[in-house]
Every structure is written in C-alpha cells, then in structure tokens.
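Peer 1: Next comes the structure file input_15.cif, holding mmCIF, C-alpha atoms and all ligand atoms.
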```
data_upload
#
loop_
_atom_site.label_atom_id
_atom_site.label_comp_id
_atom_site.auth_asym_id
_atom_site.auth_seq_id
_atom_site.Cartn_x
_atom_site.Cartn_y
_atom_site.Cartn_z
CA MET X 1 -15.67 14.87 -21.43
CA ALA X 2 -15.97 12.86 -18.25
CA ALA X 3 -12.88 10.93 -17.19
CA LYS X 4 -12.24 7.22 -17.58
CA ILE X 5 -12.66 5.59 -14.18
CA ILE X 6 -9.63 3.53 -13.13
CA SER X 7 -11.12 0.71 -11.07
CA GLY X 8 -8.78 -0.56 -8.37
CA THR X 9 -11.33 -3.26 -7.64
CA GLU X 10 -10.96 -4.63 -11.18
CA VAL X 11 -7.16 -4.33 -11.33
CA ALA X 12 -6.82 -5.91 -7.87
CA LYS X 13 -9.07 -8.80 -8.96
CA GLN X 14 -6.91 -9.41 -12.00
CA ILE X 15 -3.68 -9.44 -9.95
CA ARG X 16 -5.22 -11.72 -7.30
CA GLU X 17 -6.19 -14.22 -10.00
CA GLU X 18 -2.58 -14.19 -11.22
CA LEU X 19 -1.33 -14.64 -7.64
CA LYS X 20 -3.74 -17.49 -6.92
CA LYS X 21 -2.33 -19.43 -9.88
CA GLU X 22 1.20 -18.69 -8.72
CA VAL X 23 0.41 -19.93 -5.19
CA GLU X 24 -1.10 -23.17 -6.59
CA GLU X 25 2.00 -23.73 -8.68
CA LEU X 26 4.31 -23.04 -5.73
CA LYS X 27 2.43 -25.64 -3.70
CA GLU X 28 2.32 -28.29 -6.43
CA LYS X 29 5.82 -27.94 -7.82
CA HIS X 30 7.82 -26.85 -4.79
CA SER X 31 5.67 -27.63 -1.70
CA VAL X 32 5.97 -23.97 -0.73
CA VAL X 33 3.00 -22.29 1.00
CA PRO X 34 3.32 -18.51 1.47
CA GLY X 35 2.87 -17.65 5.15
CA LEU X 36 1.64 -14.31 6.47
CA VAL X 37 1.15 -13.20 10.07
CA THR X 38 -0.76 -10.03 10.88
CA ILE X 39 -0.25 -8.75 14.40
CA LEU X 40 -3.00 -6.56 15.79
CA VAL X 41 -2.49 -4.77 19.10
CA GLY X 42 -5.67 -3.51 20.76
CA GLU X 43 -9.13 -3.03 19.28
CA ASN X 44 -9.03 0.02 17.02
CA PRO X 45 -12.12 -0.55 14.77
CA ALA X 46 -10.41 0.69 11.58
CA SER X 47 -7.39 -1.55 12.27
CA ILE X 48 -9.65 -4.56 12.94
CA SER X 49 -11.36 -3.95 9.61
CA TYR X 50 -8.04 -3.62 7.70
CA VAL X 51 -6.54 -6.73 9.30
CA THR X 52 -9.71 -8.77 8.68
CA GLY X 53 -9.52 -7.81 4.99
CA LYS X 54 -5.86 -8.84 4.80
CA GLN X 55 -6.50 -12.21 6.44
CA LYS X 56 -9.56 -12.90 4.28
CA THR X 57 -7.58 -12.27 1.10
CA ALA X 58 -4.62 -14.34 2.34
CA LYS X 59 -6.97 -17.29 2.95
CA GLU X 60 -8.66 -16.88 -0.44
CA LEU X 61 -5.27 -17.09 -2.10
CA GLY X 62 -4.38 -20.27 -0.22
CA PHE X 63 -1.77 -18.81 2.16
CA HIS X 64 -0.83 -20.16 5.56
CA SER X 65 -2.20 -17.19 7.49
CA ILE X 66 -2.13 -16.29 11.15
CA GLN X 67 -4.05 -13.50 12.82
CA ASP X 68 -2.25 -12.72 16.08
CA ASN X 69 -4.36 -10.50 18.35
CA GLN X 70 -2.65 -8.93 21.35
CA PRO X 71 -4.15 -6.78 24.14
CA ASP X 72 -3.43 -3.04 24.03
CA ASP X 73 -1.49 -3.28 27.30
CA ILE X 74 1.06 -5.72 25.85
CA SER X 75 4.57 -4.60 26.80
CA GLU X 76 6.99 -3.45 24.13
CA GLU X 77 9.38 -6.19 25.23
CA LYS X 78 6.75 -8.91 24.76
CA LEU X 79 5.79 -7.56 21.33
CA LEU X 80 9.45 -7.48 20.27
CA GLY X 81 9.81 -11.07 21.53
CA LEU X 82 6.81 -12.12 19.44
CA ILE X 83 8.29 -10.53 16.31
CA ASP X 84 11.58 -12.32 16.97
CA GLN X 85 9.65 -15.59 17.15
CA TYR X 86 8.04 -14.97 13.74
CA ASN X 87 11.37 -13.80 12.30
CA LYS X 88 12.69 -17.30 13.08
CA ASP X 89 9.58 -19.23 11.98
CA PRO X 90 10.28 -20.91 8.60
CA LYS X 91 6.55 -21.15 7.81
CA ILE X 92 6.19 -17.36 7.98
CA HIS X 93 7.42 -15.28 5.04
CA GLY X 94 5.64 -12.02 5.81
CA ILE X 95 5.17 -10.17 9.10
CA LEU X 96 2.81 -7.23 9.34
CA VAL X 97 2.28 -5.23 12.52
CA GLN X 98 -0.86 -3.17 12.03
CA LEU X 99 -0.36 0.53 12.75
CA PRO X 100 -1.04 2.65 14.71
CA LEU X 101 0.27 1.03 17.89
CA PRO X 102 -0.70 2.16 21.42
CA LYS X 103 1.28 5.20 22.60
CA SER X 104 3.15 3.12 25.21
CA ILE X 105 4.93 1.25 22.39
CA ASN X 106 7.71 2.72 20.26
CA GLU X 107 6.48 2.18 16.70
CA THR X 108 9.89 2.76 15.11
CA LYS X 109 11.53 0.19 17.39
CA VAL X 110 8.86 -2.36 16.46
CA LEU X 111 9.20 -1.75 12.70
CA TYR X 112 12.99 -2.00 12.96
CA ALA X 113 12.64 -5.37 14.74
CA ILE X 114 10.99 -7.05 11.74
CA ASP X 115 13.48 -9.01 9.60
CA PRO X 116 13.79 -6.87 6.42
CA ALA X 117 13.51 -10.12 4.41
CA LYS X 118 10.01 -10.64 5.93
CA ASP X 119 8.98 -6.97 5.86
CA VAL X 120 6.14 -7.34 3.35
CA ASP X 121 4.79 -3.92 4.39
CA GLY X 122 8.00 -2.41 2.99
CA PHE X 123 8.28 -0.04 5.99
CA HIS X 124 11.71 -1.15 7.28
CA PRO X 125 14.43 1.46 6.65
CA VAL X 126 16.53 -1.19 4.87
CA ASN X 127 13.74 -1.68 2.33
CA LEU X 128 13.05 2.06 2.03
CA GLY X 129 16.79 2.64 1.52
CA LYS X 130 16.92 -0.02 -1.19
CA LEU X 131 13.97 1.64 -2.90
CA MET X 132 15.82 4.94 -2.92
CA ILE X 133 18.87 3.46 -4.68
CA GLY X 134 16.80 1.57 -7.24
CA GLU X 135 17.36 -1.85 -5.63
CA ALA X 136 13.88 -2.29 -4.15
CA GLU X 137 12.84 -5.74 -2.96
CA TYR X 138 9.66 -5.03 -1.01
CA LEU X 139 7.87 -1.86 -2.02
CA PRO X 140 5.47 -0.29 0.47
CA CYS X 141 2.02 -1.59 -0.49
CA THR X 142 0.01 1.56 -1.17
CA PRO X 143 2.72 3.23 -3.33
CA ALA X 144 3.24 -0.08 -5.18
CA GLY X 145 -0.51 -0.22 -5.77
CA VAL X 146 -0.48 3.29 -7.21
CA GLN X 147 2.26 2.30 -9.65
CA GLN X 148 0.36 -0.83 -10.71
CA LEU X 149 -2.78 1.24 -11.34
CA LEU X 150 -0.79 3.53 -13.62
CA ILE X 151 0.87 0.64 -15.47
CA ARG X 152 -2.28 -1.43 -15.87
CA SER X 153 -4.41 1.53 -16.97
CA GLY X 154 -1.91 2.18 -19.75
CA THR X 155 -0.77 5.53 -18.34
CA GLU X 156 2.64 6.58 -19.70
CA THR X 157 4.91 7.53 -16.80
CA LYS X 158 8.16 7.97 -18.74
CA GLY X 159 8.86 11.70 -18.98
CA ALA X 160 5.50 12.54 -17.40
CA GLU X 161 5.13 15.42 -14.97
CA VAL X 162 4.06 13.66 -11.78
CA VAL X 163 2.93 15.78 -8.86
CA VAL X 164 2.52 14.07 -5.48
CA VAL X 165 0.52 15.89 -2.81
CA GLY X 166 1.62 14.71 0.64
CA ARG X 167 5.03 13.68 2.01
CA SER X 168 4.24 10.87 4.45
CA ASN X 169 6.75 8.07 4.94
CA ILE X 170 4.19 5.45 3.89
CA VAL X 171 2.75 7.09 0.76
CA GLY X 172 4.10 10.44 -0.47
CA LYS X 173 7.86 9.93 -0.16
CA PRO X 174 7.95 6.30 -1.35
CA VAL X 175 5.57 6.82 -4.30
CA ALA X 176 7.69 9.76 -5.46
CA ASN X 177 10.81 7.61 -5.19
CA ILE X 178 9.23 4.72 -7.09
CA LEU X 179 8.16 6.93 -9.99
CA LEU X 180 11.47 8.73 -10.39
CA GLN X 181 13.52 5.52 -10.78
CA LYS X 182 15.03 4.93 -14.22
CA GLN X 183 12.86 1.86 -14.70
CA ASP X 184 9.80 0.73 -16.65
CA GLY X 185 6.58 2.05 -15.14
CA ALA X 186 8.52 5.01 -13.75
CA ASN X 187 11.13 7.45 -15.16
CA ALA X 188 8.92 10.47 -14.44
CA THR X 189 9.74 14.04 -13.45
CA VAL X 190 8.45 14.16 -9.88
CA THR X 191 7.43 17.07 -7.67
CA ILE X 192 6.28 16.62 -4.07
CA CYS X 193 3.92 19.21 -2.60
CA HIS X 194 3.19 19.42 1.13
CA THR X 195 1.87 21.73 3.83
CA GLY X 196 4.93 23.96 3.39
CA THR X 197 4.32 24.43 -0.36
CA LYS X 198 3.69 28.09 -1.21
CA ASP X 199 1.38 27.89 -4.22
CA MET X 200 -0.02 24.37 -4.45
CA ALA X 201 -2.18 25.00 -7.52
CA SER X 202 0.78 26.26 -9.56
CA HIS X 203 2.27 22.77 -9.20
CA THR X 204 -0.87 20.63 -9.45
CA LYS X 205 -1.94 22.46 -12.65
CA ARG X 206 1.27 21.28 -14.36
CA ALA X 207 0.67 17.62 -13.54
CA ASP X 208 0.13 14.96 -16.21
CA ILE X 209 -0.31 12.55 -13.30
CA LEU X 210 -1.54 13.82 -9.94
CA ILE X 211 -1.21 11.56 -6.89
CA VAL X 212 -3.02 12.85 -3.85
CA ALA X 213 -2.33 11.65 -0.31
CA ALA X 214 -3.09 14.80 1.65
CA GLY X 215 -5.41 13.34 4.29
CA LYS X 216 -8.01 16.05 3.67
CA PRO X 217 -11.36 15.84 1.80
CA LYS X 218 -11.57 18.08 -1.30
CA ALA X 219 -7.91 19.10 -0.99
CA ILE X 220 -7.91 19.09 -4.81
CA THR X 221 -10.62 20.99 -6.66
CA ALA X 222 -11.31 21.25 -10.41
CA ASP X 223 -9.57 24.64 -10.75
CA MET X 224 -6.33 23.03 -9.52
CA VAL X 225 -5.94 20.53 -12.39
CA LYS X 226 -5.36 20.68 -16.11
CA ASP X 227 -7.53 19.04 -18.76
CA GLY X 228 -6.73 15.37 -19.32
CA VAL X 229 -4.79 14.81 -16.07
CA VAL X 230 -4.66 11.27 -14.63
CA VAL X 231 -5.66 11.49 -10.96
CA ILE X 232 -4.85 8.83 -8.35
CA ASP X 233 -6.66 9.58 -5.12
CA VAL X 234 -5.05 7.84 -2.13
CA GLY X 235 -7.22 9.60 0.47
CA VAL X 236 -9.51 7.67 2.80
CA ASN X 237 -11.67 10.04 4.82
CA ARG X 238 -14.63 8.90 6.88
CA ILE X 239 -17.35 11.52 6.73
CA GLY X 240 -20.91 11.19 7.97
CA LYS X 241 -22.81 7.94 7.62
CA THR X 242 -24.52 6.00 4.86
CA GLU X 243 -28.16 4.87 5.16
CA SER X 244 -26.99 1.56 6.61
CA GLY X 245 -25.21 3.44 9.42
CA LYS X 246 -21.69 2.77 8.13
CA ALA X 247 -19.16 5.61 7.83
CA LYS X 248 -19.17 7.15 4.35
CA LEU X 249 -15.79 7.13 2.62
CA CYS X 250 -14.42 9.89 0.43
CA GLY X 251 -10.99 10.65 -0.99
CA ASP X 252 -8.88 13.81 -1.00
CA VAL X 253 -10.09 14.91 -4.43
CA ASP X 254 -13.39 16.64 -5.26
CA PHE X 255 -14.28 13.64 -7.43
CA ASP X 256 -17.52 14.89 -9.04
CA ALA X 257 -15.99 18.15 -10.26
CA VAL X 258 -12.49 16.87 -11.13
CA LYS X 259 -13.79 13.91 -13.15
CA GLU X 260 -15.30 16.39 -15.65
CA LYS X 261 -11.79 17.69 -16.45
CA ALA X 262 -9.54 14.67 -15.91
CA GLY X 263 -8.59 12.08 -18.51
CA ALA X 264 -8.76 9.31 -15.91
CA ILE X 265 -9.41 9.15 -12.18
CA THR X 266 -9.62 6.59 -9.36
CA PRO X 267 -12.78 6.50 -7.22
CA VAL X 268 -12.93 6.21 -3.42
CA PRO X 269 -13.85 3.58 -2.43
CA GLY X 270 -12.80 1.11 -5.14
CA GLY X 271 -9.59 2.84 -6.24
CA VAL X 272 -6.29 2.56 -4.42
CA GLY X 273 -7.79 0.76 -1.37
CA PRO X 274 -8.16 -2.73 -2.90
CA MET X 275 -4.66 -2.43 -4.37
CA THR X 276 -2.94 -2.05 -0.98
CA ILE X 277 -4.00 -5.50 0.26
CA THR X 278 -3.20 -7.02 -3.12
CA MET X 279 0.35 -5.65 -3.06
CA LEU X 280 0.78 -7.10 0.44
CA MET X 281 -0.14 -10.50 -0.99
CA MET X 282 2.26 -9.98 -3.91
CA ASN X 283 5.11 -9.14 -1.53
CA THR X 284 4.34 -12.22 0.58
CA VAL X 285 4.41 -14.53 -2.47
CA LYS X 286 7.70 -12.94 -3.50
CA SER X 287 9.15 -13.46 -0.02
CA ALA X 288 8.05 -17.11 0.00
CA LYS X 289 9.86 -17.61 -3.32
CA VAL X 290 13.00 -15.82 -2.14
CA HIS X 291 13.08 -17.88 1.08
CA ALA X 292 12.74 -21.07 -1.00
CA GLY X 293 15.59 -19.98 -3.27
CA LEU X 294 13.23 -19.65 -6.25
CA ASN X 295 13.75 -15.97 -7.06
N1 LIG M 301 -2.23 1.04 9.04
C1 LIG M 301 -2.84 1.64 7.99
N2 LIG M 301 -2.34 1.21 6.82
C2 LIG M 301 -1.38 0.29 7.13
C3 LIG M 301 -0.51 -0.52 6.35
O1 LIG M 301 -0.50 -0.49 5.11
N3 LIG M 301 0.33 -1.32 7.05
C4 LIG M 301 0.35 -1.36 8.41
N4 LIG M 301 1.22 -2.19 9.01
N5 LIG M 301 -0.44 -0.62 9.16
C5 LIG M 301 -1.31 0.20 8.53
#
```
What would you get if you wrote out this structure as structure tokens?

Peer 2:
Amino acid sequence: MAAKIISGTEVAKQIREELKKEVEELKEKHSVVPGLVTILVGENPASISYVTGKQKTAKELGFHSIQDNQPDDISEEKLLGLIDQYNKDPKIHGILVQLPLPKSINETKVLYAIDPAKDVDGFHPVNLGKLMIGEAEYLPCTPAGVQQLLIRSGTETKGAEVVVVGRSNIVGKPVANILLQKQDGANATVTICHTGTKDMASHTKRADILIVAAGKPKAITADMVKDGVVVIDVGVNRIGKTESGKAKLCGDVDFDAVKEKAGAITPVPGGVGPMTITMLMMNTVKSAKVHAGLN
C-alpha cells in the first residue's frame, strides 16, 4: 500500500497560524514585536532565495524584520562589528547569518559572535551543548522541523528505532540528539549512519523512523527499508531543470519506489523545507518572549 504523505507545507501552515495569533497577542497585551535580522553576505543565488523566504514569512507574521545585505568583500572585522551591534539592539531578538560565508571569513568565529540568547538558528555551541544535556532553548531549525513533523503526523517516537543517515552539525548530529532525549516527542533508540558506516542497509532496514540527510539523490532505495517505515527526507538536491527553466528539486530518497513500501513519507519539495523557516519564526517568537521576561 502506498505511504501516507506527510505534508510539511500543511504542518508549517498550521504552526504559522498559531504563531501569527501569538504575535498579535504579544503586540496587544505586552507591546512586544518579535525582531529578526537576516544578514546576507554576497550574492549566492540559493542563499538569496532562502533569505527572501525567511524575510517574507517574518513580515507575514508581523515581525519587525531587517534584511541586511553586505558585499562579499566585507571584512571579518566589519561583519563581527555588525553582529555586535545587533547583539545590543533591543528591537532585535533573532540574528541569522546566512551560510555559507565567503572563504575569506571564518564561519566559526562569526557563529560564535552571535549572542546565544539571540541565536535563533540554534548553531551556537552554547545552544548545541544545552541540547545535548537536555536543556535546549533554541533548537536548530531543520532538526526541530523534523521533530515537529513526527509529532504532528502522530508518529510514535518513544522506544522507536530511529536511524539517521548523515552526521552534519546542522542536521544529523542535532536531530539524533533531539530524538534521544528522555522527553515527549523523543525517547527513541537512535543510530547515526555516515560515510564511514560499513553496511548501511543493515541499519536502515531496522528503522521504524528513517531520517535522511545524506546530501545525495537516491541514497536510500526501496530495498534498504522495511515495510511501514516512516521516512523523513531532509535532502535538497538540484537536478536538471523544470519546463519553466527552474532547477528541479529532489530529496535523498528514491521517493517513487520507497513510498510503495513506507507507512509515511515526506515529499521534496513540500516536506522538511517549509518547516525550517517556520521553526526559525518559532525560535524568534520564543526569544522575544524571553527577552521581555514572559517565558
Ligand atoms: N544555509 C542553509 N541553511 C541554513 C540555515 O538554516 N541557517 C543559516 N544561517 N544558513 C543556512
């Protein structure tokens, strides 16, 4: 039987409606307006598209939002100075520096410069450390989106065999950490597979929940999964072009074949993608509340 499709577009819409109400209430009752700045260095087309999406959503939700574009030859010192300025700005509750940065700039140094209390991307080591010890404040957005998709699709995580494919710092490692916490919407037995894994299929075939962030189209084929598995495909690969000339997107999972075996599966596009921006908005609302002493 073909799998149930878990629509990130639908879940994201639902969460954004909840957030919009929360933002209205914050304004009316407490005169608090969540503020988000997105800093874009250079003109990478994919980054422009991501940042535009983030700003559009922030405006739709009624945020104070700033798009700060900087040339790709900006010095590291100037960029650090800019971050310091936003760290001190009381109207700004969330600071996002779009990655990747030009090679001349030390990405780690820049991420470390963001005040952890305004790190709505959840990339600062303080926030990643808090996640690891079960004290998370700002979860990285894509992993948080994956967890919300599982919760809101009614997928039981407690005691489930979760297999994560990919060990990146922004998806694989944090999503594994989120799902192993002794908390609601988690409490799973988690395995992480990566390029050093000897027999990938022996692990993926055991999965009740398979989360794939491998960065490779068709990394997961139907013979690598068991019947009824819930598949969350985090991959975003641009292959070929559609009729309108735009790049065609596909995930890391052989969707057409795997959906015939899976119990539920996320599509690409329309799966994890819309959730990432939504979790950024959720983190920014949370930060605004914390800064106003309301959380
Ligand atoms: N580049 C690609 N995805 C992301 C993201 O989630 N946050 C930031 N800051 N940069 C990115």

Peer 1: For ligand LIG 301 (chain M), collect every residue having any atom at a distance of at most 9 Å from a ligand atom (counting all atoms listed in the file); output as a JSON list (two decimals) with C-alpha atoms, keeping the file's coordinate frame.

Peer 2:
```json
[["chain", "number", "residue", "atom", "x", "y", "z"],
["X", 38, "THR", "CA", -0.76, -10.03, 10.88],
["X", 39, "ILE", "CA", -0.25, -8.75, 14.40],
["X", 46, "ALA", "CA", -10.41, 0.69, 11.58],
["X", 47, "SER", "CA", -7.39, -1.55, 12.27],
["X", 50, "TYR", "CA", -8.04, -3.62, 7.70],
["X", 51, "VAL", "CA", -6.54, -6.73, 9.30],
["X", 95, "ILE", "CA", 5.17, -10.17, 9.10],
["X", 96, "LEU", "CA", 2.81, -7.23, 9.34],
["X", 97, "VAL", "CA", 2.28, -5.23, 12.52],
["X", 98, "GLN", "CA", -0.86, -3.17, 12.03],
["X", 99, "LEU", "CA", -0.36, 0.53, 12.75],
["X", 100, "PRO", "CA", -1.04, 2.65, 14.71],
["X", 101, "LEU", "CA", 0.27, 1.03, 17.89],
["X", 111, "LEU", "CA", 9.20, -1.75, 12.70],
["X", 121, "ASP", "CA", 4.79, -3.92, 4.39],
["X", 122, "GLY", "CA", 8.00, -2.41, 2.99],
["X", 123, "PHE", "CA", 8.28, -0.04, 5.99],
["X", 140, "PRO", "CA", 5.47, -0.29, 0.47],
["X", 141, "CYS", "CA", 2.02, -1.59, -0.49],
["X", 142, "THR", "CA", 0.01, 1.56, -1.17],
["X", 170, "ILE", "CA", 4.19, 5.45, 3.89],
["X", 276, "THR", "CA", -2.94, -2.05, -0.98],
["X", 277, "ILE", "CA", -4.00, -5.50, 0.26],
["X", 280, "LEU", "CA", 0.78, -7.10, 0.44]]
```

Peer 1: Write out as a PyMOL selection string the residues lying within 9 Å of Asn87 in chain X, counting only C-alpha atoms and excluding same-chain residues fewer than 5 positions away.

Peer 2: chain X and resi 82+92-95+113-115+117-118

Peer 1: Point out the residue among X:Thr9, X:Gln183, X:Ser202, X:Ser244 with the least atom-to-atom distance to Lys226 in chain X, counting all atoms listed in the file.

Peer 2: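 Checking each of X:Thr9, X:Gln183, X:Ser202, X:Ser244 against Lys226 in chain X, counting all atoms listed in the file, the winner is X:Ser202.
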
Peer 1: Suppose you want the space between CA of Asp68 in chain X and CA of Gln148 in chain X; what is it in Å?

Peer 2: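 So the two atoms, CA of Asp68 in chain X and CA of Gln148 in chain X, lie 29.4 Å apart.
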
Peer 1: In Å, rounded to a single decimal, give me how far CA of Gly273 in chain X is from CA of His64 in chain X.

Peer 2: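 Between CA of His64 in chain X and CA of Gly273 in chain X the gap works out to 23.1 Å.
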
Peer 1: In Å, rounded to a single decimal, give me how far CA of Pro267 in chain X is from CA of Asn237 in chain X.

Peer 2: 12.6 Å

Peer 1: Arg167 in chain X: which residues within 9 Å, counting all atoms listed in the file, same-chain residues fewer than 2 positions away excluded, as a PyMOL selection string?

Peer 2: chain X and resi 164-165+169-174+176+192-195+213-214

Peer 1: What would range 178-211 of chain X look like with N, CA and C atoms restored, written as a short mmCIF file (atom, residue, chain, number, x, y, z; two decimals), in the coordinates of the input?

Peer 2:
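Contents of rebuild26.cif, as written:
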```
data_model
loop_
_atom_site.label_atom_id
_atom_site.label_comp_id
_atom_site.auth_asym_id
_atom_site.auth_seq_id
_atom_site.Cartn_x
_atom_site.Cartn_y
_atom_site.Cartn_z
N ILE X 178 9.51 5.80 -6.13
CA ILE X 178 9.23 4.72 -7.09
C ILE X 178 9.15 5.30 -8.50
N LEU X 179 8.44 6.40 -8.64
CA LEU X 179 8.16 6.93 -9.99
C LEU X 179 9.33 7.69 -10.60
N LEU X 180 10.33 8.04 -9.78
CA LEU X 180 11.47 8.73 -10.39
C LEU X 180 12.59 7.77 -10.79
N GLN X 181 12.48 6.49 -10.41
CA GLN X 181 13.52 5.52 -10.78
C GLN X 181 13.62 5.40 -12.29
N LYS X 182 14.84 5.13 -12.77
CA LYS X 182 15.03 4.93 -14.22
C LYS X 182 14.66 3.48 -14.55
N GLN X 183 13.37 3.23 -14.50
CA GLN X 183 12.86 1.86 -14.70
C GLN X 183 11.54 1.93 -15.46
N ASP X 184 11.12 0.78 -16.01
CA ASP X 184 9.80 0.73 -16.65
C ASP X 184 8.72 1.05 -15.62
N GLY X 185 7.67 1.70 -16.06
CA GLY X 185 6.58 2.05 -15.14
C GLY X 185 6.96 3.18 -14.21
N ALA X 186 8.05 3.89 -14.57
CA ALA X 186 8.52 5.01 -13.75
C ALA X 186 9.16 6.05 -14.67
N ASN X 187 10.38 6.52 -14.30
CA ASN X 187 11.13 7.45 -15.16
C ASN X 187 10.39 8.78 -15.40
N ALA X 188 9.70 9.22 -14.34
CA ALA X 188 8.92 10.47 -14.44
C ALA X 188 9.69 11.64 -13.83
N THR X 189 9.23 12.85 -14.13
CA THR X 189 9.74 14.04 -13.45
C THR X 189 8.80 14.29 -12.26
N VAL X 190 9.34 14.18 -11.05
CA VAL X 190 8.45 14.16 -9.88
C VAL X 190 8.60 15.40 -9.00
N THR X 191 7.47 15.96 -8.62
CA THR X 191 7.43 17.07 -7.67
C THR X 191 6.61 16.61 -6.46
N ILE X 192 7.10 16.92 -5.27
CA ILE X 192 6.28 16.62 -4.07
C ILE X 192 5.80 17.94 -3.46
N CYS X 193 4.49 18.05 -3.29
CA CYS X 193 3.92 19.21 -2.60
C CYS X 193 3.52 18.79 -1.19
N HIS X 194 3.52 19.75 -0.27
CA HIS X 194 3.19 19.42 1.13
C HIS X 194 2.68 20.68 1.81
N THR X 195 2.48 20.60 3.13
CA THR X 195 1.87 21.73 3.83
C THR X 195 2.76 22.97 3.81
N GLY X 196 4.04 22.81 3.48
CA GLY X 196 4.93 23.96 3.39
C GLY X 196 5.00 24.55 1.99
N THR X 197 4.28 23.95 1.03
CA THR X 197 4.32 24.43 -0.36
C THR X 197 3.59 25.77 -0.47
N LYS X 198 4.24 26.73 -1.16
CA LYS X 198 3.69 28.09 -1.21
C LYS X 198 2.44 28.20 -2.07
N ASP X 199 2.52 27.73 -3.32
CA ASP X 199 1.38 27.89 -4.22
C ASP X 199 1.07 26.52 -4.82
N MET X 200 0.27 25.77 -4.07
CA MET X 200 -0.02 24.37 -4.45
C MET X 200 -0.56 24.26 -5.87
N ALA X 201 -1.52 25.12 -6.21
CA ALA X 201 -2.18 25.00 -7.52
C ALA X 201 -1.21 25.20 -8.67
N SER X 202 -0.18 26.03 -8.47
CA SER X 202 0.78 26.26 -9.56
C SER X 202 1.50 24.96 -9.92
N HIS X 203 1.63 24.07 -8.95
CA HIS X 203 2.27 22.77 -9.20
C HIS X 203 1.25 21.77 -9.74
N THR X 204 0.11 21.67 -9.06
CA THR X 204 -0.87 20.63 -9.45
C THR X 204 -1.38 20.87 -10.87
N LYS X 205 -1.45 22.13 -11.29
CA LYS X 205 -1.94 22.46 -12.65
C LYS X 205 -0.98 21.97 -13.74
N ARG X 206 0.28 21.74 -13.38
CA ARG X 206 1.27 21.28 -14.36
C ARG X 206 1.24 19.76 -14.52
N ALA X 207 0.54 19.08 -13.61
CA ALA X 207 0.67 17.62 -13.54
C ALA X 207 -0.01 16.90 -14.71
N ASP X 208 0.75 15.93 -15.30
CA ASP X 208 0.13 14.96 -16.21
C ASP X 208 -0.50 13.86 -15.37
N ILE X 209 0.18 13.56 -14.25
CA ILE X 209 -0.31 12.55 -13.30
C ILE X 209 -0.29 13.20 -11.92
N LEU X 210 -1.44 13.19 -11.26
CA LEU X 210 -1.54 13.82 -9.94
C LEU X 210 -1.88 12.74 -8.91
N ILE X 211 -1.00 12.58 -7.93
CA ILE X 211 -1.21 11.56 -6.89
C ILE X 211 -1.47 12.29 -5.58
#
```
